[in-house]
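Okay, structure16.txt now, which holds compact mmCIF, C-alpha atoms and all ligand atoms:
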# COMPACT_ATOMS: atom_id res chain seq x y z
CA MET A 1 114.73 63.63 147.16
CA SER A 2 113.11 60.36 148.13
CA GLY A 3 114.82 57.97 150.49
CA HIS A 4 113.58 54.82 148.84
CA PRO A 5 113.33 54.05 145.12
CA ASN A 6 109.64 53.21 145.58
CA ASP A 7 108.72 56.33 147.55
CA ASP A 8 107.33 57.91 144.42
CA LEU A 9 104.84 55.08 144.16
CA HIS A 10 103.25 55.99 147.47
CA PRO A 11 100.24 58.20 146.82
CA GLU A 12 100.47 59.90 150.21
CA SER A 13 103.78 61.39 149.13
CA TRP A 14 102.26 62.93 146.00
CA PRO A 15 100.86 66.41 145.75
CA VAL A 16 97.13 65.93 145.11
CA ALA A 17 97.25 67.62 141.71
CA ALA A 18 100.03 65.30 140.55
CA ALA A 19 98.32 62.21 141.89
CA ASN A 20 95.13 62.91 140.03
CA PRO A 21 94.70 66.17 138.15
CA GLY A 22 90.99 65.53 137.85
CA PHE A 23 90.45 65.03 141.56
CA ALA A 24 87.91 67.55 142.76
CA GLY A 25 88.56 67.08 146.44
CA ASP A 26 85.84 66.43 148.96
CA THR A 27 82.81 67.99 147.36
CA GLY A 28 80.66 67.29 150.37
CA GLU A 29 78.22 65.60 148.07
CA PHE A 30 77.40 62.79 150.41
CA THR A 31 78.20 64.22 153.81
CA GLN A 32 74.61 65.06 154.68
CA LEU A 33 73.11 61.81 153.45
CA THR A 34 73.23 58.36 154.85
CA GLU A 35 74.08 55.58 152.46
CA ASP A 36 70.48 54.46 152.64
CA ASP A 37 69.30 57.97 151.73
CA VAL A 38 71.59 58.14 148.77
CA ARG A 39 71.24 54.73 147.31
CA GLY A 40 68.13 53.24 148.83
CA LEU A 41 70.28 50.25 149.56
CA SER A 42 70.03 47.30 151.74
CA PHE A 43 73.18 45.41 152.36
CA VAL A 44 73.01 41.77 151.62
CA GLY A 45 75.50 39.22 152.61
CA ILE A 46 78.12 38.89 155.24
CA ARG A 47 81.69 37.83 155.19
CA PRO A 48 81.45 34.25 154.07
CA LYS A 49 81.79 31.84 156.93
CA ASP A 50 82.65 29.02 154.62
CA GLY A 51 83.14 28.47 150.97
CA GLY A 52 84.40 30.97 148.48
CA HIS A 53 87.92 32.03 147.90
CA ALA A 54 89.43 34.05 150.71
CA SER A 55 90.01 36.98 148.41
CA VAL A 56 86.27 37.32 147.91
CA ALA A 57 85.74 38.36 151.51
CA GLY A 58 87.29 41.79 151.09
CA THR A 59 84.71 42.76 148.48
CA LEU A 60 81.70 42.26 150.73
CA PRO A 61 79.14 43.56 151.41
CA TYR A 62 77.86 44.06 147.92
CA GLN A 63 75.33 46.73 147.33
CA VAL A 64 71.81 46.09 146.18
CA ALA A 65 69.60 48.94 145.13
CA GLU A 66 65.93 48.71 146.00
CA LYS A 67 64.75 48.47 142.45
CA ASP A 68 61.28 49.77 141.87
CA PRO A 69 60.44 50.50 138.24
CA GLU A 70 57.72 52.90 139.35
CA ALA A 71 59.72 54.80 141.98
CA PRO A 72 60.19 58.54 141.51
CA ILE A 73 63.73 59.24 140.33
CA PHE A 74 64.10 62.84 141.30
CA SER A 75 62.55 63.25 144.71
CA GLY A 76 63.71 63.34 148.30
CA PRO A 77 67.43 62.67 148.69
CA TYR A 78 67.70 61.95 145.00
CA GLU A 79 66.58 65.49 144.22
CA ASP A 80 69.39 66.80 146.43
CA ARG A 81 71.79 64.43 144.80
CA LEU A 82 70.84 65.55 141.33
CA GLU A 83 71.40 69.17 142.31
CA LYS A 84 74.86 68.31 143.56
CA VAL A 85 75.63 66.31 140.44
CA LEU A 86 74.49 69.22 138.25
CA SER A 87 76.68 71.62 140.20
CA ARG A 88 79.74 69.71 139.12
CA TYR A 89 79.22 70.05 135.38
CA PRO A 90 79.27 73.05 133.07
CA ASP A 91 75.82 72.27 131.69
CA ARG A 92 73.00 69.78 132.09
CA GLN A 93 73.99 67.73 129.07
CA ALA A 94 77.35 66.96 130.68
CA ALA A 95 75.55 65.49 133.68
CA LEU A 96 73.70 62.92 131.60
CA LEU A 97 75.78 59.84 132.51
CA PRO A 98 75.56 60.20 136.30
CA THR A 99 71.88 61.06 135.98
CA LEU A 100 71.25 57.88 134.02
CA HIS A 101 73.17 55.92 136.64
CA MET A 102 70.98 57.44 139.32
CA ALA A 103 67.82 56.52 137.42
CA GLN A 104 69.08 52.98 137.02
CA GLU A 105 69.95 52.77 140.69
CA VAL A 106 66.39 53.70 141.61
CA ARG A 107 64.48 51.73 138.99
CA GLY A 108 66.83 48.88 138.15
CA PHE A 109 66.76 49.51 134.43
CA LEU A 110 66.21 52.30 131.95
CA SER A 111 62.88 51.89 130.20
CA PRO A 112 61.97 54.17 127.27
CA ALA A 113 59.69 56.09 129.67
CA THR A 114 62.54 56.52 132.15
CA LEU A 115 64.84 57.77 129.41
CA ASP A 116 62.19 60.29 128.37
CA GLU A 117 61.88 61.43 131.97
CA VAL A 118 65.64 61.95 132.22
CA ALA A 119 65.61 63.82 128.90
CA GLN A 120 62.88 66.13 130.13
CA LYS A 121 64.62 66.74 133.45
CA LEU A 122 67.88 67.69 131.76
CA GLY A 123 66.29 69.58 128.87
CA LEU A 124 67.74 67.21 126.27
CA SER A 125 66.09 65.56 123.30
CA PRO A 126 64.78 62.03 123.91
CA ALA A 127 66.75 60.84 120.86
CA TYR A 128 70.02 62.13 122.31
CA VAL A 129 69.40 60.45 125.67
CA ARG A 130 68.49 57.16 123.99
CA GLY A 131 71.60 57.35 121.85
CA VAL A 132 73.79 57.68 124.92
CA ALA A 133 71.97 55.05 126.98
CA THR A 134 72.15 52.48 124.21
CA PHE A 135 75.86 53.13 123.58
CA TYR A 136 77.09 52.07 127.01
CA THR A 137 76.72 48.47 128.14
CA MET A 138 76.58 49.54 131.79
CA TYR A 139 73.01 50.70 131.36
CA ASN A 140 70.35 48.02 131.60
CA LEU A 141 67.71 48.60 128.98
CA ALA A 142 65.59 45.69 130.18
CA PRO A 143 64.74 44.50 133.70
CA VAL A 144 67.40 42.47 135.46
CA GLY A 145 67.29 40.29 138.55
CA LYS A 146 68.01 41.54 142.03
CA HIS A 147 71.67 40.66 141.50
CA LEU A 148 73.37 41.37 138.19
CA ILE A 149 76.26 38.93 137.90
CA GLN A 150 78.84 39.86 135.29
CA VAL A 151 81.42 37.18 134.60
CA CYS A 152 84.56 38.18 132.74
CA THR A 153 85.62 35.72 130.07
CA ASN A 154 88.21 37.94 128.43
CA ILE A 155 91.75 36.74 127.86
CA SER A 156 93.25 36.72 131.34
CA CYS A 157 90.13 35.30 132.98
CA ASN A 158 89.58 32.98 130.06
CA LEU A 159 93.03 31.45 130.45
CA CYS A 160 92.30 30.89 134.11
CA GLY A 161 88.93 29.24 133.70
CA GLY A 162 86.48 32.09 133.15
CA ASP A 163 84.34 29.97 130.85
CA ALA A 164 84.03 27.29 133.51
CA VAL A 165 83.06 29.89 136.11
CA LEU A 166 80.39 31.26 133.80
CA ALA A 167 79.08 27.76 133.07
CA GLU A 168 78.93 27.04 136.78
CA PHE A 169 76.93 30.20 137.50
CA LEU A 170 74.49 29.30 134.74
CA LYS A 171 74.18 25.71 135.91
CA HIS A 172 73.46 26.61 139.52
CA ALA A 173 71.13 29.46 138.63
CA GLY A 174 69.34 27.32 136.06
CA THR A 175 69.35 30.09 133.52
CA GLU A 176 70.93 31.21 130.27
CA VAL A 177 73.30 34.06 129.54
CA GLY A 178 71.41 37.35 129.69
CA GLU A 179 68.33 35.84 131.24
CA THR A 180 67.04 36.04 134.77
CA SER A 181 66.66 32.99 137.00
CA ALA A 182 63.15 31.80 137.78
CA ASN A 183 63.41 33.11 141.36
CA GLY A 184 64.11 36.61 140.03
CA LEU A 185 67.35 36.84 141.96
CA TRP A 186 70.10 36.46 139.39
CA THR A 187 70.78 37.78 135.92
CA ILE A 188 74.05 36.40 134.61
CA ILE A 189 75.89 37.98 131.74
CA GLU A 190 79.28 37.51 130.13
CA VAL A 191 81.40 40.63 129.94
CA GLU A 192 84.65 41.83 128.47
CA CYS A 193 87.60 42.74 130.66
CA LEU A 194 86.58 44.16 134.05
CA GLY A 195 90.05 45.59 134.59
CA ALA A 196 90.89 43.08 137.30
CA CYS A 197 93.05 40.89 135.07
CA GLY A 198 95.50 40.15 137.86
CA PHE A 199 92.81 38.35 139.81
CA PRO A 200 91.10 36.02 137.38
CA THR A 201 88.36 35.06 137.23
CA ALA A 202 86.86 38.43 137.96
CA VAL A 203 83.12 38.67 138.56
CA GLN A 204 81.21 41.87 139.18
CA ILE A 205 78.06 41.45 141.22
CA ASN A 206 76.04 44.62 141.36
CA ASP A 207 78.62 47.27 142.30
CA ARG A 208 81.25 45.00 143.78
CA TYR A 209 84.03 42.86 142.46
CA PHE A 210 84.64 39.25 143.35
CA GLU A 211 88.12 38.19 142.38
CA ASN A 212 89.93 34.89 141.95
CA VAL A 213 86.60 33.16 141.63
CA ARG A 214 86.89 29.45 140.86
CA PRO A 215 84.08 27.18 139.66
CA GLU A 216 83.92 25.53 143.06
CA ASP A 217 83.32 28.94 144.70
CA VAL A 218 80.14 29.57 142.74
CA PRO A 219 77.57 27.75 144.93
CA ALA A 220 78.74 29.64 148.04
CA VAL A 221 78.68 32.96 146.23
CA LEU A 222 75.17 32.37 144.88
CA ALA A 223 73.94 31.22 148.28
CA GLN A 224 74.65 34.70 149.64
CA LEU A 225 72.80 36.45 146.88
CA THR A 226 69.29 36.12 148.21
S1 LIG A 301 90.48 39.70 131.48
FE1 LIG A 301 89.10 39.43 133.14
S2 LIG A 301 89.35 41.25 134.26
FE2 LIG A 301 90.66 41.57 132.56
Using the file provided, produce a representation of the structure as structure tokens.
Ligand code: FES
Amino acid sequence: MSGHPNDDLHPESWPVAAANPGFAGDTGEFTQLTEDDVRGLSFVGIRPKDGGHASVAGTLPYQVAEKDPEAPIFSGPYEDRLEKVLSRYPDRQAALLPTLHMAQEVRGFLSPATLDEVAQKLGLSPAYVRGVATFYTMYNLAPVGKHLIQVCTNISCNLCGGDAVLAEFLKHAGTEVGETSANGLWTIIEVECLGACGFPTAVQINDRYFENVRPEDVPAVLAQLT
């Protein structure tokens, strides 16, 4: 019997299976690897000293993969990672989505050659892999800038100025929707709901969310994305 009506909302009081039946526990997948090993990341940005909405600070640092379109996808720590990914699925086909994510993390986008390489590695047909990669908008099928900036303009964000935030990003980056700025740093796209409707306008930059972004925050946010 819980002592407080909200006790049931506290995850720590839940049995793990009830909290998330799909939770696989600590698989140990990343325990042997440093973040740099796993992602090839450099961290860019620091907690903003000035500018930007206060709520943005909690989402930093944002992760930036070292994108090299020629880099080997399945070697070194990535080979280990693929093995661990494969061990979590009943067959190689089921591991296609995380494998594509890994390829994108390494190379920045999924070229036809990269898709063929993934298909060969997993023993799938190139047509099947292309069908999957082109279905999901999270896969970049063309090169993007160092920072992929996804501005939500769906209903909640739209009502709170999402269009103005998007326009401000485009103005300061000097680019158009879907295109990359001349300095190669920023690709700005407009996206549907990011699932952060309570914190409009929501902007996803690489793997991290920026929330409650206002048009006046944009210059300070862009200034950190170098
Ligand atoms: S409408 Fe923008 S995050 Fe949902």
Surrounding residues as number ranges by chain, ligand LIG 301 (chain A), max 6 Å, only C-alpha atoms and all ligand atoms: A: 152-157, 193-197, 200, 202
Pick from A:Ile73, A:Val106, A:Cys160, A:Val177 nearest to A:Arg214, counting only C-alpha atoms: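 The answer is A:Cys160, which sits nearest to A:Arg214.
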What does the distance between atom CA of A:Asn140 and atom CA of A:Phe109 come to in Å, to one decimal place?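 Atom-to-atom, atom CA of A:Asn140 to atom CA of A:Phe109, that is 4.8 Å.
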Rounded to one decimal, what separation in Å do you get between atom CA of A:Asp68 and atom CA of A:Leu170?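 Atom CA of A:Leu170 lies at a distance of 25.4 Å from atom CA of A:Asp68.
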Grab the atom CA of A:Val85 to atom CA of A:Gly145 distance for me, in Å with one decimal place. 27.4 Å
At a cut-off of 12 Å, using all atoms listed in the file, what residues contact A:Glu70? Leave out same-chain residues fewer than 4 positions from it and give the result as a tab-separated table (two decimals) with C-alpha atoms, keeping the file's coordinate frame.
chain	number	residue	atom	x	y	z
A	66	GLU	CA	65.93	48.71	146.00
A	74	PHE	CA	64.10	62.84	141.30
A	103	ALA	CA	67.82	56.52	137.42
A	104	GLN	CA	69.08	52.98	137.02
A	106	VAL	CA	66.39	53.70	141.61
A	107	ARG	CA	64.48	51.73	138.99
A	108	GLY	CA	66.83	48.88	138.15
A	109	PHE	CA	66.76	49.51	134.43
A	110	LEU	CA	66.21	52.30	131.95
A	111	SER	CA	62.88	51.89	130.20
A	113	ALA	CA	59.69	56.09	129.67
A	114	THR	CA	62.54	56.52	132.15
Near A:Val129, counting only C-alpha atoms, which residues have an atom at most 8 Å away, once you skip same-chain residues fewer than 5 positions from it, shown as a list in words?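 Contacts, in chain order: Leu96, Leu115, Asp116, Val118, Ala119 and Leu124 of chain A.
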Which residues are close to A:Gln204, i.e. within 7 Å by all atoms listed in the file, leaving aside same-chain residues fewer than 4 positions away? Reply as a PyMOL selection string. chain A and resi 149-151+208-210
Spatial neighbours of A:Ile188, 12 Å, all atoms listed in the file, chain gap at least 3 places, as a PyMOL selection string: chain A and resi 144-152+165-181+184-185+191+203-206+222
For A:Glu105, please output as number ranges by chain all residues within 7 Å (counting only C-alpha atoms; exclusion window: fewer than 3 positions along the same chain). A: 65, 67, 101-102, 108
How big is the axis-aligned box around the listed atoms of stretch 98-106 of chain A once 4 Å is added on each side, and where is its centre? Give both in Å to one decimal, as AutoDock Vina command-line options.
--center_x 71.0 --center_y 56.9 --center_z 137.8 --size_x 17.2 --size_y 16.3 --size_z 15.6
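Between A:Met138 and the candidates A:Asp207, A:Asp163, A:Asp91, A:Glu117, the tightest atom-to-atom separation, counting all atoms listed in the file, involves A:Asp207.
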